[in-house]
Amino acid sequence: QVQLVESGGGSVQPGGSLRLSCAASGSISSINGMGWFRQAPGKQRELVAIITNSGTTNYTDSVKGRFAISRDNANNTVYLQMNALEPEDTAVYYCLGVGISTLYWGQGTQVTVSS
């Protein structure tokens, strides 16, 4: 089993920045990649960014150039640096761990972008 704990959410004005963290524990060796999803009220959960064990990254178009995903393998932590935040980025952000045959989810952290 893998446990994922997110932190770093909060409220920020448009144009501001936040950094989300996701700390993984448990059977870390079973994880092939990690990422971030988000779910806004009334909308489906969508992929934001993902990073493989080799460091390859991919982003949804709406966050390219504004968000950056990174990982600290020594501390089993994945980060999502979010800059130039927009009201449309308001959502609950979930950390994802991609296992061999299982997806692991964190509990989610709220990000609110509002003036």
# chains A, B, ... in the order shown; residues from 1 in each chain; ligands from 1
>>> residues_around(residues="Val113 of chain A", least_positions_apart="5", cutoff="10 Å", atoms="only C-alpha atoms", output="PDB file with all heavy atoms, in the first residue's frame")
ATOM      1  N   GLY A  10      -4.598  26.574  -0.324  1.00  0.00           N
ATOM      2  CA  GLY A  10      -5.011  27.788   0.360  1.00  0.00           C
ATOM      3  C   GLY A  10      -5.710  28.738  -0.585  1.00  0.00           C
ATOM      4  O   GLY A  10      -6.118  28.346  -1.684  1.00  0.00           O
ATOM      5  N   SER A  11      -5.844  29.968  -0.136  1.00  0.00           N
ATOM      6  CA  SER A  11      -6.496  31.002  -0.929  1.00  0.00           C
ATOM      7  C   SER A  11      -5.466  32.019  -1.390  1.00  0.00           C
ATOM      8  O   SER A  11      -4.579  32.400  -0.624  1.00  0.00           O
ATOM      9  CB  SER A  11      -7.579  31.701  -0.100  1.00  0.00           C
ATOM     10  OG  SER A  11      -8.609  30.808   0.244  1.00  0.00           O
ATOM     11  N   VAL A  12      -5.614  32.458  -2.627  1.00  0.00           N
ATOM     12  CA  VAL A  12      -4.657  33.403  -3.201  1.00  0.00           C
ATOM     13  C   VAL A  12      -5.395  34.275  -4.210  1.00  0.00           C
ATOM     14  O   VAL A  12      -6.414  33.861  -4.770  1.00  0.00           O
ATOM     15  CB  VAL A  12      -3.486  32.642  -3.863  1.00  0.00           C
ATOM     16  CG1 VAL A  12      -3.969  31.820  -5.047  1.00  0.00           C
ATOM     17  CG2 VAL A  12      -2.370  33.579  -4.261  1.00  0.00           C
ATOM     18  N   GLN A  13      -4.880  35.470  -4.420  1.00  0.00           N
ATOM     19  CA  GLN A  13      -5.462  36.367  -5.420  1.00  0.00           C
ATOM     20  C   GLN A  13      -4.996  35.983  -6.822  1.00  0.00           C
ATOM     21  O   GLN A  13      -3.943  35.350  -6.979  1.00  0.00           O
ATOM     22  CB  GLN A  13      -5.069  37.808  -5.108  1.00  0.00           C
ATOM     23  CG  GLN A  13      -5.682  38.350  -3.834  1.00  0.00           C
ATOM     24  CD  GLN A  13      -5.380  39.819  -3.623  1.00  0.00           C
ATOM     25  OE1 GLN A  13      -4.456  40.368  -4.220  1.00  0.00           O
ATOM     26  NE2 GLN A  13      -6.169  40.465  -2.794  1.00  0.00           N
ATOM     27  N   PRO A  14      -5.770  36.350  -7.830  1.00  0.00           N
ATOM     28  CA  PRO A  14      -5.325  36.092  -9.212  1.00  0.00           C
ATOM     29  C   PRO A  14      -3.938  36.661  -9.461  1.00  0.00           C
ATOM     30  O   PRO A  14      -3.610  37.769  -9.009  1.00  0.00           O
ATOM     31  CB  PRO A  14      -6.384  36.816 -10.045  1.00  0.00           C
ATOM     32  CG  PRO A  14      -7.609  36.802  -9.200  1.00  0.00           C
ATOM     33  CD  PRO A  14      -7.114  36.967  -7.789  1.00  0.00           C
ATOM     34  N   GLY A  15      -3.117  35.865 -10.152  1.00  0.00           N
ATOM     35  CA  GLY A  15      -1.737  36.253 -10.393  1.00  0.00           C
ATOM     36  C   GLY A  15      -0.773  35.755  -9.341  1.00  0.00           C
ATOM     37  O   GLY A  15       0.450  35.856  -9.529  1.00  0.00           O
ATOM     38  N   GLY A  16      -1.296  35.236  -8.243  1.00  0.00           N
ATOM     39  CA  GLY A  16      -0.454  34.754  -7.163  1.00  0.00           C
ATOM     40  C   GLY A  16       0.101  33.365  -7.413  1.00  0.00           C
ATOM     41  O   GLY A  16      -0.138  32.756  -8.461  1.00  0.00           O
ATOM     42  N   SER A  17       0.834  32.864  -6.416  1.00  0.00           N
ATOM     43  CA  SER A  17       1.491  31.569  -6.520  1.00  0.00           C
ATOM     44  C   SER A  17       1.221  30.717  -5.290  1.00  0.00           C
ATOM     45  O   SER A  17       1.008  31.243  -4.188  1.00  0.00           O
ATOM     46  CB  SER A  17       3.008  31.749  -6.670  1.00  0.00           C
ATOM     47  OG  SER A  17       3.330  32.460  -7.842  1.00  0.00           O
ATOM     48  N   LEU A  85      -1.686  32.238 -11.045  1.00  0.00           N
ATOM     49  CA  LEU A  85      -2.948  31.534 -10.822  1.00  0.00           C
ATOM     50  C   LEU A  85      -4.139  32.350 -11.289  1.00  0.00           C
ATOM     51  O   LEU A  85      -4.152  33.593 -11.182  1.00  0.00           O
ATOM     52  CB  LEU A  85      -3.095  31.186  -9.342  1.00  0.00           C
ATOM     53  CG  LEU A  85      -2.264  29.980  -8.899  1.00  0.00           C
ATOM     54  CD1 LEU A  85      -2.066  29.964  -7.400  1.00  0.00           C
ATOM     55  CD2 LEU A  85      -2.912  28.686  -9.374  1.00  0.00           C
ATOM     56  N   GLU A  86      -5.121  31.630 -11.804  1.00  0.00           N
ATOM     57  CA  GLU A  86      -6.340  32.240 -12.347  1.00  0.00           C
ATOM     58  C   GLU A  86      -7.544  31.694 -11.582  1.00  0.00           C
ATOM     59  O   GLU A  86      -7.479  30.599 -11.012  1.00  0.00           O
ATOM     60  CB  GLU A  86      -6.460  31.897 -13.833  1.00  0.00           C
ATOM     61  CG  GLU A  86      -5.282  32.305 -14.665  1.00  0.00           C
ATOM     62  CD  GLU A  86      -5.311  31.710 -16.063  1.00  0.00           C
ATOM     63  OE1 GLU A  86      -6.186  30.862 -16.338  1.00  0.00           O
ATOM     64  OE2 GLU A  86      -4.455  32.105 -16.896  1.00  0.00           O
ATOM     65  N   PRO A  87      -8.648  32.436 -11.571  1.00  0.00           N
ATOM     66  CA  PRO A  87      -9.853  31.919 -10.889  1.00  0.00           C
ATOM     67  C   PRO A  87     -10.267  30.537 -11.394  1.00  0.00           C
ATOM     68  O   PRO A  87     -10.796  29.733 -10.611  1.00  0.00           O
ATOM     69  CB  PRO A  87     -10.911  32.980 -11.219  1.00  0.00           C
ATOM     70  CG  PRO A  87     -10.123  34.245 -11.394  1.00  0.00           C
ATOM     71  CD  PRO A  87      -8.837  33.824 -12.039  1.00  0.00           C
ATOM     72  N   GLU A  88      -9.989  30.245 -12.667  1.00  0.00           N
ATOM     73  CA  GLU A  88     -10.329  28.944 -13.238  1.00  0.00           C
ATOM     74  C   GLU A  88      -9.499  27.806 -12.648  1.00  0.00           C
ATOM     75  O   GLU A  88      -9.806  26.628 -12.880  1.00  0.00           O
ATOM     76  CB  GLU A  88     -10.156  28.970 -14.756  1.00  0.00           C
ATOM     77  CG  GLU A  88     -11.135  29.885 -15.501  1.00  0.00           C
ATOM     78  CD  GLU A  88     -10.830  31.374 -15.333  1.00  0.00           C
ATOM     79  OE1 GLU A  88      -9.663  31.717 -15.031  1.00  0.00           O
ATOM     80  OE2 GLU A  88     -11.759  32.187 -15.498  1.00  0.00           O
ATOM     81  N   ASP A  89      -8.455  28.123 -11.939  1.00  0.00           N
ATOM     82  CA  ASP A  89      -7.631  27.096 -11.285  1.00  0.00           C
ATOM     83  C   ASP A  89      -8.220  26.658  -9.948  1.00  0.00           C
ATOM     84  O   ASP A  89      -7.706  25.725  -9.318  1.00  0.00           O
ATOM     85  CB  ASP A  89      -6.207  27.616 -11.053  1.00  0.00           C
ATOM     86  CG  ASP A  89      -5.483  27.929 -12.353  1.00  0.00           C
ATOM     87  OD1 ASP A  89      -5.586  27.118 -13.295  1.00  0.00           O
ATOM     88  OD2 ASP A  89      -4.814  28.980 -12.416  1.00  0.00           O
ATOM     89  N   THR A  90      -9.267  27.317  -9.508  1.00  0.00           N
ATOM     90  CA  THR A  90      -9.911  26.957  -8.246  1.00  0.00           C
ATOM     91  C   THR A  90     -10.459  25.539  -8.311  1.00  0.00           C
ATOM     92  O   THR A  90     -11.231  25.197  -9.216  1.00  0.00           O
ATOM     93  CB  THR A  90     -11.056  27.935  -7.925  1.00  0.00           C
ATOM     94  OG1 THR A  90     -10.514  29.240  -7.709  1.00  0.00           O
ATOM     95  CG2 THR A  90     -11.818  27.493  -6.683  1.00  0.00           C
ATOM     96  N   ALA A  91     -10.027  24.704  -7.383  1.00  0.00           N
ATOM     97  CA  ALA A  91     -10.429  23.291  -7.366  1.00  0.00           C
ATOM     98  C   ALA A  91      -9.826  22.610  -6.155  1.00  0.00           C
ATOM     99  O   ALA A  91      -8.991  23.191  -5.454  1.00  0.00           O
ATOM    100  CB  ALA A  91      -9.943  22.589  -8.641  1.00  0.00           C
TER     101      ALA A  91
END
>>> residues_around(residues="segment 52-59 of chain A", least_positions_apart="6", cutoff="7 Å", atoms="only C-alpha atoms", output="ChimeraX atom specification")
/A:32-34
>>> atom_distance(atom1="atom CA of Ser101 of chain A", atom2="atom CA of Gly35 of chain A")
15.9 Å
>>> residues_around(residues="Tyr104 of chain A", least_positions_apart="4", cutoff="8 Å", atoms="only C-alpha atoms", output="number ranges by chain")
A: 2-4, 96-99
>>> closest_residue(among="A:Leu103, A:Arg19, A:Gln44, A:Ser62", to="Gln1 of chain A", atoms="only C-alpha atoms")
A:Leu103
>>> residues_around(residues="Thr60 of chain A", least_positions_apart="4", cutoff="7 Å", atoms="only C-alpha atoms", output="list of chain:residue names")
A:Leu47, A:Val48, A:Ala49, A:Lys64
>>> select_by_dssp(residues="segment 22-65 of chain A", states="strand (DSSP E)", output="PyMOL selection string")
chain A and resi 22-26+33-39+46-52+57-59
